[in-house]
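K.L.:
Next comes the structure file target_2.cif, holding mmCIF, N, CA and C atoms and all ligand atoms.
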```cif
data_input
loop_
_atom_site.label_atom_id
_atom_site.label_comp_id
_atom_site.auth_asym_id
_atom_site.auth_seq_id
_atom_site.Cartn_x
_atom_site.Cartn_y
_atom_site.Cartn_z
N MET G 1133 9.21 -1.86 -1.07
CA MET G 1133 9.38 -0.40 -1.17
C MET G 1133 8.06 0.22 -1.61
N HIS G 1134 7.30 0.75 -0.66
CA HIS G 1134 5.98 1.29 -1.01
C HIS G 1134 6.07 2.64 -1.69
N GLU G 1135 7.27 3.21 -1.76
CA GLU G 1135 7.44 4.50 -2.44
C GLU G 1135 7.08 4.41 -3.92
N MET G 1136 7.27 3.23 -4.53
CA MET G 1136 7.00 3.11 -5.96
C MET G 1136 5.51 3.31 -6.24
N GLY G 1137 4.66 2.70 -5.40
CA GLY G 1137 3.22 2.86 -5.58
C GLY G 1137 2.78 4.29 -5.35
N ILE G 1138 3.39 4.93 -4.38
CA ILE G 1138 3.05 6.33 -4.08
C ILE G 1138 3.47 7.22 -5.23
N ALA G 1139 4.67 6.97 -5.77
CA ALA G 1139 5.16 7.76 -6.90
C ALA G 1139 4.22 7.62 -8.09
N GLN G 1140 3.75 6.41 -8.30
CA GLN G 1140 2.81 6.13 -9.40
C GLN G 1140 1.55 6.98 -9.24
N ASN G 1141 1.04 7.01 -8.01
CA ASN G 1141 -0.16 7.81 -7.71
C ASN G 1141 0.06 9.29 -7.97
N ILE G 1142 1.19 9.79 -7.49
CA ILE G 1142 1.50 11.22 -7.63
C ILE G 1142 1.56 11.60 -9.10
N VAL G 1143 2.24 10.77 -9.88
CA VAL G 1143 2.39 11.07 -11.31
C VAL G 1143 1.01 11.07 -11.99
N GLU G 1144 0.19 10.08 -11.65
CA GLU G 1144 -1.15 10.01 -12.25
C GLU G 1144 -1.97 11.25 -11.95
N ILE G 1145 -1.95 11.67 -10.69
CA ILE G 1145 -2.72 12.84 -10.27
C ILE G 1145 -2.20 14.10 -10.96
N ALA G 1146 -0.89 14.25 -11.00
CA ALA G 1146 -0.28 15.44 -11.60
C ALA G 1146 -0.55 15.52 -13.10
N VAL G 1147 -0.41 14.40 -13.78
CA VAL G 1147 -0.63 14.37 -15.23
C VAL G 1147 -2.09 14.66 -15.55
N GLU G 1148 -2.98 14.09 -14.75
CA GLU G 1148 -4.42 14.31 -14.94
C GLU G 1148 -4.76 15.80 -14.75
N ALA G 1149 -4.18 16.40 -13.71
CA ALA G 1149 -4.43 17.82 -13.43
C ALA G 1149 -3.90 18.70 -14.55
N ALA G 1150 -2.71 18.36 -15.05
CA ALA G 1150 -2.09 19.14 -16.12
C ALA G 1150 -2.92 19.03 -17.40
N ARG G 1151 -3.43 17.84 -17.66
CA ARG G 1151 -4.21 17.60 -18.86
C ARG G 1151 -5.51 18.43 -18.82
N LYS G 1152 -6.13 18.45 -17.65
CA LYS G 1152 -7.37 19.21 -17.46
C LYS G 1152 -7.17 20.69 -17.73
N GLU G 1153 -5.98 21.18 -17.36
CA GLU G 1153 -5.67 22.60 -17.52
C GLU G 1153 -5.15 22.91 -18.93
N GLY G 1154 -5.00 21.90 -19.72
CA GLY G 1154 -4.48 22.09 -21.06
C GLY G 1154 -2.99 22.41 -21.08
N ALA G 1155 -2.29 22.01 -20.03
CA ALA G 1155 -0.85 22.27 -19.95
C ALA G 1155 -0.10 21.18 -20.72
N SER G 1156 1.17 21.47 -21.01
CA SER G 1156 1.94 20.47 -21.74
C SER G 1156 2.97 19.79 -20.84
N LYS G 1157 3.14 20.36 -19.65
CA LYS G 1157 4.24 19.87 -18.82
C LYS G 1157 3.97 20.16 -17.34
N VAL G 1158 4.35 19.23 -16.49
CA VAL G 1158 4.32 19.45 -15.05
C VAL G 1158 5.73 19.84 -14.66
N THR G 1159 5.89 21.00 -13.99
CA THR G 1159 7.24 21.45 -13.67
C THR G 1159 7.62 21.21 -12.21
N ARG G 1160 6.61 21.20 -11.35
CA ARG G 1160 6.91 21.03 -9.94
C ARG G 1160 5.70 20.46 -9.20
N ILE G 1161 5.97 19.60 -8.23
CA ILE G 1161 4.90 19.04 -7.42
C ILE G 1161 5.30 19.23 -5.95
N ASN G 1162 4.42 19.89 -5.20
CA ASN G 1162 4.69 20.08 -3.78
C ASN G 1162 3.86 19.08 -2.99
N LEU G 1163 4.55 18.24 -2.27
CA LEU G 1163 3.90 17.15 -1.55
C LEU G 1163 4.02 17.34 -0.04
N ILE G 1164 2.94 17.02 0.66
CA ILE G 1164 2.95 17.05 2.13
C ILE G 1164 3.02 15.60 2.60
N SER G 1165 4.00 15.30 3.40
CA SER G 1165 4.18 13.92 3.83
C SER G 1165 4.30 13.82 5.35
N GLY G 1166 3.31 13.23 5.96
CA GLY G 1166 3.32 13.05 7.42
C GLY G 1166 4.39 12.06 7.83
N GLU G 1167 5.01 12.35 8.95
CA GLU G 1167 6.11 11.52 9.45
C GLU G 1167 5.69 10.05 9.63
N LEU G 1168 4.44 9.85 10.04
CA LEU G 1168 3.97 8.49 10.30
C LEU G 1168 3.84 7.65 9.04
N ARG G 1169 3.87 8.29 7.89
CA ARG G 1169 3.78 7.55 6.63
C ARG G 1169 5.08 6.80 6.36
N GLY G 1170 6.12 7.20 7.04
CA GLY G 1170 7.39 6.50 6.91
C GLY G 1170 7.99 6.57 5.52
N ILE G 1171 7.75 7.66 4.85
CA ILE G 1171 8.29 7.80 3.49
C ILE G 1171 9.72 8.32 3.54
N VAL G 1172 10.57 7.68 2.80
CA VAL G 1172 11.95 8.14 2.69
C VAL G 1172 12.01 9.06 1.46
N PRO G 1173 12.19 10.37 1.70
CA PRO G 1173 12.14 11.32 0.58
C PRO G 1173 13.07 10.97 -0.58
N MET G 1174 14.27 10.51 -0.26
CA MET G 1174 15.21 10.19 -1.34
C MET G 1174 14.70 9.05 -2.20
N GLN G 1175 14.09 8.07 -1.54
CA GLN G 1175 13.55 6.93 -2.29
C GLN G 1175 12.36 7.34 -3.13
N LEU G 1176 11.54 8.21 -2.55
CA LEU G 1176 10.35 8.65 -3.28
C LEU G 1176 10.77 9.47 -4.50
N THR G 1177 11.75 10.34 -4.31
CA THR G 1177 12.26 11.15 -5.42
C THR G 1177 12.82 10.24 -6.53
N PHE G 1178 13.53 9.21 -6.11
CA PHE G 1178 14.11 8.26 -7.05
C PHE G 1178 13.02 7.53 -7.83
N CYS G 1179 12.01 7.02 -7.11
CA CYS G 1179 10.90 6.32 -7.76
C CYS G 1179 10.12 7.24 -8.68
N PHE G 1180 9.95 8.46 -8.23
CA PHE G 1180 9.22 9.45 -9.02
C PHE G 1180 9.90 9.65 -10.37
N GLY G 1181 11.22 9.74 -10.34
CA GLY G 1181 11.99 9.93 -11.57
C GLY G 1181 11.75 8.80 -12.56
N ILE G 1182 11.66 7.58 -12.04
CA ILE G 1182 11.45 6.41 -12.90
C ILE G 1182 10.03 6.42 -13.49
N VAL G 1183 9.05 6.63 -12.60
CA VAL G 1183 7.64 6.57 -13.01
C VAL G 1183 7.28 7.73 -13.95
N ALA G 1184 7.87 8.92 -13.68
CA ALA G 1184 7.49 10.11 -14.45
C ALA G 1184 8.09 10.12 -15.85
N LYS G 1185 9.09 9.28 -16.06
CA LYS G 1185 9.75 9.22 -17.37
C LYS G 1185 8.71 8.96 -18.46
N ASP G 1186 8.83 9.68 -19.56
CA ASP G 1186 7.91 9.54 -20.69
C ASP G 1186 6.47 9.97 -20.38
N THR G 1187 6.29 10.76 -19.31
CA THR G 1187 4.98 11.35 -19.06
C THR G 1187 5.17 12.88 -19.04
N MET G 1188 4.05 13.59 -18.88
CA MET G 1188 4.13 15.05 -18.81
C MET G 1188 4.88 15.52 -17.57
N ALA G 1189 5.03 14.63 -16.62
CA ALA G 1189 5.70 15.01 -15.37
C ALA G 1189 7.20 14.72 -15.40
N ALA G 1190 7.70 14.28 -16.53
CA ALA G 1190 9.12 13.99 -16.64
C ALA G 1190 9.94 15.24 -16.34
N GLY G 1191 10.91 15.10 -15.48
CA GLY G 1191 11.79 16.22 -15.15
C GLY G 1191 11.21 17.19 -14.14
N ALA G 1192 9.98 16.94 -13.67
CA ALA G 1192 9.38 17.84 -12.68
C ALA G 1192 10.12 17.73 -11.35
N TYR G 1193 10.16 18.85 -10.65
CA TYR G 1193 10.80 18.84 -9.34
C TYR G 1193 9.80 18.40 -8.28
N LEU G 1194 10.16 17.42 -7.50
CA LEU G 1194 9.27 16.93 -6.45
C LEU G 1194 9.75 17.49 -5.11
N ASP G 1195 8.93 18.35 -4.53
CA ASP G 1195 9.28 18.93 -3.23
C ASP G 1195 8.48 18.21 -2.15
N ILE G 1196 9.18 17.64 -1.20
CA ILE G 1196 8.51 16.87 -0.15
C ILE G 1196 8.62 17.61 1.17
N GLU G 1197 7.49 18.07 1.66
CA GLU G 1197 7.46 18.78 2.94
C GLU G 1197 7.04 17.78 4.01
N GLU G 1198 7.94 17.51 4.95
CA GLU G 1198 7.64 16.52 5.98
C GLU G 1198 6.93 17.17 7.16
N VAL G 1199 5.84 16.56 7.57
CA VAL G 1199 5.04 17.07 8.68
C VAL G 1199 5.28 16.19 9.90
N PRO G 1200 5.69 16.80 11.01
CA PRO G 1200 5.94 15.99 12.21
C PRO G 1200 4.63 15.47 12.82
N VAL G 1201 4.77 14.48 13.68
CA VAL G 1201 3.61 13.92 14.35
C VAL G 1201 3.17 14.88 15.45
N SER G 1202 1.89 15.22 15.48
CA SER G 1202 1.40 16.08 16.54
C SER G 1202 0.18 15.45 17.20
N GLY G 1203 -0.03 15.82 18.46
CA GLY G 1203 -1.11 15.22 19.21
C GLY G 1203 -1.88 16.25 20.02
N HIS G 1204 -3.04 15.81 20.48
CA HIS G 1204 -3.89 16.65 21.32
C HIS G 1204 -4.29 15.81 22.53
N CYS G 1205 -4.12 16.39 23.73
CA CYS G 1205 -4.45 15.66 24.96
C CYS G 1205 -5.92 15.87 25.31
N LYS G 1206 -6.62 14.75 25.47
CA LYS G 1206 -8.05 14.84 25.80
C LYS G 1206 -8.24 15.09 27.29
N ASN G 1207 -7.17 14.97 28.02
CA ASN G 1207 -7.24 15.17 29.47
C ASN G 1207 -7.07 16.64 29.85
N CYS G 1208 -6.00 17.29 29.30
CA CYS G 1208 -5.73 18.68 29.68
C CYS G 1208 -5.82 19.64 28.51
N ASN G 1209 -6.21 19.14 27.33
CA ASN G 1209 -6.38 19.96 26.13
C ASN G 1209 -5.11 20.57 25.55
N ALA G 1210 -3.97 20.03 25.90
CA ALA G 1210 -2.72 20.55 25.36
C ALA G 1210 -2.50 20.03 23.94
N ASP G 1211 -1.91 20.89 23.12
CA ASP G 1211 -1.49 20.47 21.78
C ASP G 1211 0.03 20.39 21.79
N PHE G 1212 0.57 19.35 21.22
CA PHE G 1212 2.02 19.16 21.31
C PHE G 1212 2.50 18.33 20.12
N SER G 1213 3.80 18.31 19.93
CA SER G 1213 4.33 17.44 18.89
C SER G 1213 4.88 16.19 19.56
N VAL G 1214 4.67 15.08 18.91
CA VAL G 1214 5.06 13.80 19.47
C VAL G 1214 6.51 13.51 19.10
N GLU G 1215 7.34 13.38 20.11
CA GLU G 1215 8.76 13.11 19.88
C GLU G 1215 9.04 11.63 20.08
N GLU G 1216 9.76 11.07 19.15
CA GLU G 1216 10.24 9.70 19.27
C GLU G 1216 9.14 8.71 19.65
N TYR G 1217 8.01 8.88 19.05
CA TYR G 1217 6.90 7.94 19.21
C TYR G 1217 6.47 7.71 20.65
N GLU G 1218 6.55 8.78 21.45
CA GLU G 1218 6.07 8.67 22.82
C GLU G 1218 4.66 9.22 22.87
N TYR G 1219 3.72 8.31 22.94
CA TYR G 1219 2.33 8.72 22.83
C TYR G 1219 1.69 9.01 24.19
N VAL G 1220 2.30 9.93 24.91
CA VAL G 1220 1.70 10.42 26.15
C VAL G 1220 1.81 11.94 26.14
N CYS G 1221 0.91 12.60 26.87
CA CYS G 1221 0.92 14.05 26.92
C CYS G 1221 2.16 14.53 27.69
N PRO G 1222 2.95 15.43 27.10
CA PRO G 1222 4.14 15.92 27.79
C PRO G 1222 3.81 16.83 28.98
N LYS G 1223 2.58 17.31 29.03
CA LYS G 1223 2.19 18.21 30.11
C LYS G 1223 1.70 17.48 31.35
N CYS G 1224 0.73 16.58 31.13
CA CYS G 1224 0.13 15.90 32.29
C CYS G 1224 0.44 14.41 32.33
N GLY G 1225 1.09 13.91 31.29
CA GLY G 1225 1.47 12.50 31.29
C GLY G 1225 0.35 11.53 30.93
N SER G 1226 -0.80 12.07 30.52
CA SER G 1226 -1.92 11.20 30.18
C SER G 1226 -1.71 10.50 28.84
N PRO G 1227 -2.05 9.22 28.78
CA PRO G 1227 -1.96 8.52 27.50
C PRO G 1227 -3.23 8.72 26.65
N ASN G 1228 -4.15 9.47 27.19
CA ASN G 1228 -5.44 9.70 26.52
C ASN G 1228 -5.31 10.83 25.49
N ILE G 1229 -4.60 10.54 24.41
CA ILE G 1229 -4.36 11.57 23.41
C ILE G 1229 -4.88 11.12 22.05
N GLU G 1230 -5.07 12.10 21.18
CA GLU G 1230 -5.40 11.74 19.79
C GLU G 1230 -4.37 12.41 18.89
N LEU G 1231 -4.08 11.73 17.79
CA LEU G 1231 -3.10 12.28 16.85
C LEU G 1231 -3.80 13.28 15.94
N THR G 1232 -3.20 14.45 15.80
CA THR G 1232 -3.81 15.49 14.98
C THR G 1232 -2.99 15.78 13.73
N GLY G 1233 -1.83 15.22 13.62
CA GLY G 1233 -1.01 15.45 12.43
C GLY G 1233 0.04 14.37 12.30
N GLY G 1234 0.56 14.24 11.08
CA GLY G 1234 1.62 13.28 10.87
C GLY G 1234 1.20 12.08 10.05
N THR G 1235 -0.12 11.96 9.79
CA THR G 1235 -0.58 10.80 9.02
C THR G 1235 -0.94 11.20 7.58
N GLU G 1236 -0.90 12.49 7.30
CA GLU G 1236 -1.35 12.94 5.98
C GLU G 1236 -0.34 12.64 4.87
N LEU G 1237 -0.88 12.45 3.71
CA LEU G 1237 -0.05 12.32 2.52
C LEU G 1237 -0.88 12.88 1.38
N ARG G 1238 -0.49 14.05 0.91
CA ARG G 1238 -1.28 14.65 -0.16
C ARG G 1238 -0.45 15.63 -0.97
N ILE G 1239 -0.96 15.92 -2.13
CA ILE G 1239 -0.31 16.90 -2.99
C ILE G 1239 -0.83 18.28 -2.61
N LYS G 1240 0.06 19.17 -2.26
CA LYS G 1240 -0.33 20.52 -1.87
C LYS G 1240 -0.66 21.33 -3.12
N ASP G 1241 0.27 21.42 -4.01
CA ASP G 1241 -0.04 22.02 -5.31
C ASP G 1241 0.91 21.54 -6.40
N ILE G 1242 0.48 21.82 -7.59
CA ILE G 1242 1.21 21.37 -8.77
C ILE G 1242 1.46 22.57 -9.66
N GLU G 1243 2.69 22.68 -10.15
CA GLU G 1243 2.96 23.79 -11.08
C GLU G 1243 3.10 23.20 -12.48
N ILE G 1244 2.44 23.86 -13.41
CA ILE G 1244 2.43 23.37 -14.78
C ILE G 1244 2.78 24.49 -15.76
N GLU G 1245 3.09 24.11 -16.97
CA GLU G 1245 3.28 25.16 -17.98
C GLU G 1245 2.82 24.67 -19.34
ZN ZN G 1301 -2.38 16.43 29.00
#
```
Go through the file and emit its structure as structure tokens.
P.N.:
Amino acid sequence: MHEMGIAQNIVEIAVEAARKEGASKVTRINLISGELRGIVPMQLTFCFGIVAKDTMAAGAYLDIEEVPVSGHCKNCNADFSVEEYEYVCPKCGSPNIELTGGTELRIKDIEIE
């Protein structure tokens, strides 16, 4: 379950940011999670709860915004979203595409008090 390691990272980053700001508590963390990361939000929320316990992030709300996989066709320049892992351009059928979204995993913002 790789969610535990990710939760650990999120808590560390959030606590560090809160400490820098002189805050006493992290209240909310907004996370961007690309579909290709294969993160199960429920599992991540569960792991987060365990890891955040006894830290400044304890009880913080973890909001996970899932980003779909998107691609760009190098053949016809179309931008599209990739459905069901079909890595061909829906317009011209070319497999010559590059992924432009769906692999990211980052904290968008953190709310503290
Ligand atoms: Zn195309």
K.L.:
May I ask for the distance between atom N of Asn1141 (chain G) and atom N of Ile1239 (chain G), given in Å to one decimal place?
P.N.:
10.9 Å
K.L.:
Residues within 6 Å of ligand ZN 1301 (chain G) (only C-alpha atoms and all ligand atoms), as a CSV table (one decimal) with N, CA and C atoms, in the frame of the given file?
P.N.:
```csv
chain,number,residue,atom,x,y,z
G,1205,CYS,N,-4.1,16.4,23.7
G,1205,CYS,CA,-4.4,15.7,25.0
G,1205,CYS,C,-5.9,15.9,25.3
G,1207,ASN,N,-7.2,15.0,28.0
G,1207,ASN,CA,-7.2,15.2,29.5
G,1207,ASN,C,-7.1,16.6,29.8
G,1208,CYS,N,-6.0,17.3,29.3
G,1208,CYS,CA,-5.7,18.7,29.7
G,1208,CYS,C,-5.8,19.6,28.5
G,1210,ALA,N,-4.0,20.0,25.9
G,1210,ALA,CA,-2.7,20.6,25.4
G,1210,ALA,C,-2.5,20.0,23.9
G,1221,CYS,N,0.9,12.6,26.9
G,1221,CYS,CA,0.9,14.0,26.9
G,1221,CYS,C,2.2,14.5,27.7
G,1223,LYS,N,2.6,17.3,29.0
G,1223,LYS,CA,2.2,18.2,30.1
G,1223,LYS,C,1.7,17.5,31.4
G,1224,CYS,N,0.7,16.6,31.1
G,1224,CYS,CA,0.1,15.9,32.3
G,1224,CYS,C,0.4,14.4,32.3
G,1225,GLY,N,1.1,13.9,31.3
G,1225,GLY,CA,1.5,12.5,31.3
G,1225,GLY,C,0.4,11.5,30.9
G,1226,SER,N,-0.8,12.1,30.5
G,1226,SER,CA,-1.9,11.2,30.2
G,1226,SER,C,-1.7,10.5,28.8
```
K.L.:
Out of G:Gly1181, G:Gly1154, G:Pro1222, G:Pro1227, which residue has the shortest atom-to-atom distance to Glu1245 (chain G) when counting all atoms listed in the file?
P.N.:
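When distances to Glu1245 (chain G) are compared using all atoms listed in the file, the smallest one comes from G:Gly1154.
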K.L.:
Go ahead and compute the interatomic distance for CA of Asp1195 (chain G) and atom N of Asn1162 (chain G), in Å to one decimal.
P.N.:
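Going from CA of Asp1195 (chain G) over to atom N of Asn1162 (chain G) covers 5.3 Å.
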K.L.:
From the options G:Thr1187, G:Thr1159, G:Arg1238, G:Thr1177, which residue's atoms come nearest to Glu1144 (chain G), counting only C-alpha atoms?
P.N.:
G:Thr1187
K.L.:
For Val1201 (chain G), which residue out of G:Glu1167, G:Glu1243, G:Glu1218, G:Glu1135 is the nearest one, using all atoms listed in the file?
P.N.:
G:Glu1167
K.L.:
Please report, as an NGL selection string, each residue of region 1143-1207 of chain G to which DSSP assigns alpha helix (DSSP H) when run on this structure's backbone.
P.N.:
:G and (1143-1152 or 1173-1184)
K.L.:
Near region 1234-1236 of chain G, within 8 Å and counting only N, CA and C atoms, which residues show up once chain neighbours fewer than 4 positions away are dropped, as a VMD selection string?
P.N.:
chain G and resid 1164 to 1170 1198 to 1203
K.L.:
One decimal, Å: what's the distance from atom N of Phe1180 (chain G) over to atom N of Glu1153 (chain G), could you say?
P.N.:
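About the pair atom N of Phe1180 (chain G) and atom N of Glu1153 (chain G): they are 22.3 Å apart.
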K.L.:
Using only C-alpha atoms, which protein or nucleic acid residues come within 10 Å of Gln1140 (chain G)? Drop anything in the same chain fewer than 3 positions from it, and give the result as an MDAnalysis selection string.
P.N.:
chainID G and resid 1135:1137 1143:1145 1179:1180 1182:1184
K.L.:
Save the residues we just selected, N, CA and C atoms, as a PDB file, in the frame of the given file?
P.N.:
```
ATOM      1  N   GLU G1135       7.270   3.210  -1.760  1.00  0.00           N
ATOM      2  CA  GLU G1135       7.440   4.500  -2.440  1.00  0.00           C
ATOM      3  C   GLU G1135       7.080   4.410  -3.920  1.00  0.00           C
ATOM      4  N   MET G1136       7.270   3.230  -4.530  1.00  0.00           N
ATOM      5  CA  MET G1136       7.000   3.110  -5.960  1.00  0.00           C
ATOM      6  C   MET G1136       5.510   3.310  -6.240  1.00  0.00           C
ATOM      7  N   GLY G1137       4.660   2.700  -5.400  1.00  0.00           N
ATOM      8  CA  GLY G1137       3.220   2.860  -5.580  1.00  0.00           C
ATOM      9  C   GLY G1137       2.780   4.290  -5.350  1.00  0.00           C
ATOM     10  N   VAL G1143       2.240  10.770  -9.880  1.00  0.00           N
ATOM     11  CA  VAL G1143       2.390  11.070 -11.310  1.00  0.00           C
ATOM     12  C   VAL G1143       1.010  11.070 -11.990  1.00  0.00           C
ATOM     13  N   GLU G1144       0.190  10.080 -11.650  1.00  0.00           N
ATOM     14  CA  GLU G1144      -1.150  10.010 -12.250  1.00  0.00           C
ATOM     15  C   GLU G1144      -1.970  11.250 -11.950  1.00  0.00           C
ATOM     16  N   ILE G1145      -1.950  11.670 -10.690  1.00  0.00           N
ATOM     17  CA  ILE G1145      -2.720  12.840 -10.270  1.00  0.00           C
ATOM     18  C   ILE G1145      -2.200  14.100 -10.960  1.00  0.00           C
ATOM     19  N   CYS G1179      12.010   7.020  -7.110  1.00  0.00           N
ATOM     20  CA  CYS G1179      10.900   6.320  -7.760  1.00  0.00           C
ATOM     21  C   CYS G1179      10.120   7.240  -8.680  1.00  0.00           C
ATOM     22  N   PHE G1180       9.950   8.460  -8.230  1.00  0.00           N
ATOM     23  CA  PHE G1180       9.220   9.450  -9.020  1.00  0.00           C
ATOM     24  C   PHE G1180       9.900   9.650 -10.370  1.00  0.00           C
ATOM     25  N   ILE G1182      11.660   7.580 -12.040  1.00  0.00           N
ATOM     26  CA  ILE G1182      11.450   6.410 -12.900  1.00  0.00           C
ATOM     27  C   ILE G1182      10.030   6.420 -13.490  1.00  0.00           C
ATOM     28  N   VAL G1183       9.050   6.630 -12.600  1.00  0.00           N
ATOM     29  CA  VAL G1183       7.640   6.570 -13.010  1.00  0.00           C
ATOM     30  C   VAL G1183       7.280   7.730 -13.950  1.00  0.00           C
ATOM     31  N   ALA G1184       7.870   8.920 -13.680  1.00  0.00           N
ATOM     32  CA  ALA G1184       7.490  10.110 -14.450  1.00  0.00           C
ATOM     33  C   ALA G1184       8.090  10.120 -15.850  1.00  0.00           C
TER      34      ALA G1184
END
```
K.L.:
Please report, as a ChimeraX atom specification, each residue of region 1174-1238 of chain G to which DSSP assigns strand (DSSP E) when run on this structure's backbone.
P.N.:
/G:1193-1199,1202-1205,1211-1213,1229-1233,1237-1238
K.L.:
Which one of G:Glu1230, G:Asp1241, G:Gly1191, G:Glu1216 sits closest to His1204 (chain G) if you count only C-alpha atoms?
P.N.:
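Of G:Glu1230, G:Asp1241, G:Gly1191, G:Glu1216, the one nearest His1204 (chain G) is G:Glu1230, counting only C-alpha atoms.
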K.L.:
Of the residues G:Ile1229, G:Phe1178, G:Val1147, G:Tyr1193, which is the one nearest to Leu1163 (chain G), using all atoms listed in the file?
P.N.:
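Result for the nearest residue to Leu1163 (chain G): G:Tyr1193.
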